[in-house]
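**Student:** Let me begin by handing over the structure; questions about it come next.
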Amino acid sequence: MTQGPVLIAQISDLHIKPPGRLAYGRVDTAVALERCVTALNEFRPRPDLVVISGDLADTPTVEEYEHLKRLLARLELPFVSIPGNHDSREMMRAVFPQGYAFPSGPLNQKVEVRGVDLVLLDSSVHGKPFGKLDAPTLQWLEITLAASPNRPALLFLHHPPFKAGIWHMDRQNLINAAELAPVVRRHPRVQLIATGHVHRAALTMFAGVPTTICPAPNHAVDLDLAQLRQPSFKVEPPAFHLHSWFPEEGFGSVVTHQVPIGNFDGPHPFFGPDGKLL
Ligand SMILES: [Fe+2]
């Protein structure tokens, strides 16, 4: 029997190109994903599941998804994925035939992990950078959340339902967040809304629920909070999110950790053999 908290690793915005091609002529997103996969494989205790929250490919093309599939073959953990604005539903459905709720259209799905429901929502809109949850998806969310009112639920979608303050991203977030909010408020079992798209960590409250943006394994969107520059990116320290759920009273407790990707000095003990601080 597995001990410890439920651990859901979230990685986001992989932007895989065809082999040998760099994103924006500068970022090797494949090498970045390889480092991320190594970090996920080495993490202990092992996460129960990895959620990839959109923008798996960059253009997208079948060649990019085939490249992604080869890169993810090294991942020793089970994973599920949802589309972002750079993805194709049809290509993703073909390359990752997961247990989707609908036989066609949006790639929504529910995954149960040791008593916790993960509800994955497809916010992509064909050919558009912004996100929107269509009517069948919102209806499915309502029904899915109502089906098991006593289990905690974590929602995942690509587009943040809030403005992060970065002007060129704020105009391409979830444009119908006002339709998501009442659904979330009707179901107190929603403990977390986890998103991506902005390539940098952020946290706020939305509809009374902690709502996060996951950093990327590659480049970050420049933290320009005053429209000082053209849309830009910076290669900042890469990271992933680790959502840990602890079974406590009621719906339990969720803590999101940001885990840097790379080789770092340590861990070193605080205390020597005599029990005294070193
Ligand atoms: Fe995106």
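Chain labels A, B, ... are given in the sequence in which chains occur in the structure tokens; within each chain residues are numbered consecutively from 1, and ligands are likewise numbered from 1 in the order shown.
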Would you mind listing the residues within 8 Å of ligand 1, counting only C-alpha atoms and all ligand atoms, as an mmCIF file with C-alpha atoms, in the first residue's frame?
**Tutor:**
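Listed below is the output, part_17.cif:
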data_model
loop_
_atom_site.group_PDB
_atom_site.id
_atom_site.type_symbol
_atom_site.label_atom_id
_atom_site.label_comp_id
_atom_site.auth_asym_id
_atom_site.auth_seq_id
_atom_site.Cartn_x
_atom_site.Cartn_y
_atom_site.Cartn_z
ATOM 1 C CA ASP A 13 4.230 24.412 -21.904
ATOM 2 C CA GLY A 54 -0.919 22.167 -22.444
ATOM 3 C CA ASP A 55 1.270 23.469 -25.240
ATOM 4 C CA GLY A 84 -3.070 24.368 -24.917
ATOM 5 C CA ASN A 85 -3.391 26.978 -27.633
ATOM 6 C CA HIS A 86 -0.372 25.544 -29.497
ATOM 7 C CA PRO A 129 -4.305 32.047 -28.529
ATOM 8 C CA HIS A 158 -4.185 25.456 -19.780
ATOM 9 C CA HIS A 159 -5.458 29.030 -19.665
ATOM 10 C CA GLY A 196 -0.130 26.972 -17.350
ATOM 11 C CA HIS A 197 0.270 29.163 -20.463
ATOM 12 C CA VAL A 198 2.349 31.949 -18.866
#
**Student:** Excluding same-chain residues fewer than 2 positions from Lys163 in chain A, what lies within 12 Å of it counting only C-alpha atoms, as a PyMOL selection string?
**Tutor:** chain A and resi 159-161+165-175+177+197-198+202-206+211-213+225
**Student:** Residues within 6 Å of range 113-123 of chain A, please, as number ranges by chain. Count only C-alpha atoms; anything in the same chain fewer than 6 positions from it doesn't count.
**Tutor:** A: 82, 106-107, 131-133, 152-157
**Student:** Return as a list in words the full set of residues in range 137-212 of chain A whose backbone-based DSSP assignment is helix (DSSP H, G or I).
**Tutor:**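 Assigned to helix (DSSP H, G or I), within range 137-212 of chain A: Thr137, Leu138, Gln139, Trp140, Leu141, Glu142, Ile143, Thr144, Leu145, Ala146, Ala147, Trp167, His168, Met169, Asp170, Ala177, Ala178, Glu179, Leu180, Ala181, Pro182, Val183, Val184, Arg185 and Arg186 of chain A.
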**Student:** Calculated over only C-alpha atoms, which of the candidates A:Pro217, A:Gly266, A:Pro210, A:Gly252 has the smallest distance to Ala239 in chain A?
**Tutor:**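 Closest to Ala239 in chain A of all the choices is A:Pro217.
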**Student:** Ranking A:Leu141, A:Ala181, A:Leu22, A:Val51 by minimum distance to Ala101 in chain A and counting only C-alpha atoms, which one comes first?
**Tutor:**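 For Ala101 in chain A, the nearest of the candidates is A:Leu141.
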**Student:** Which is closer to Asn41 in chain A than all the others in A:Leu77, A:Phe233, A:Asn218, A:Pro19, using only C-alpha atoms?
**Tutor:** A:Leu77
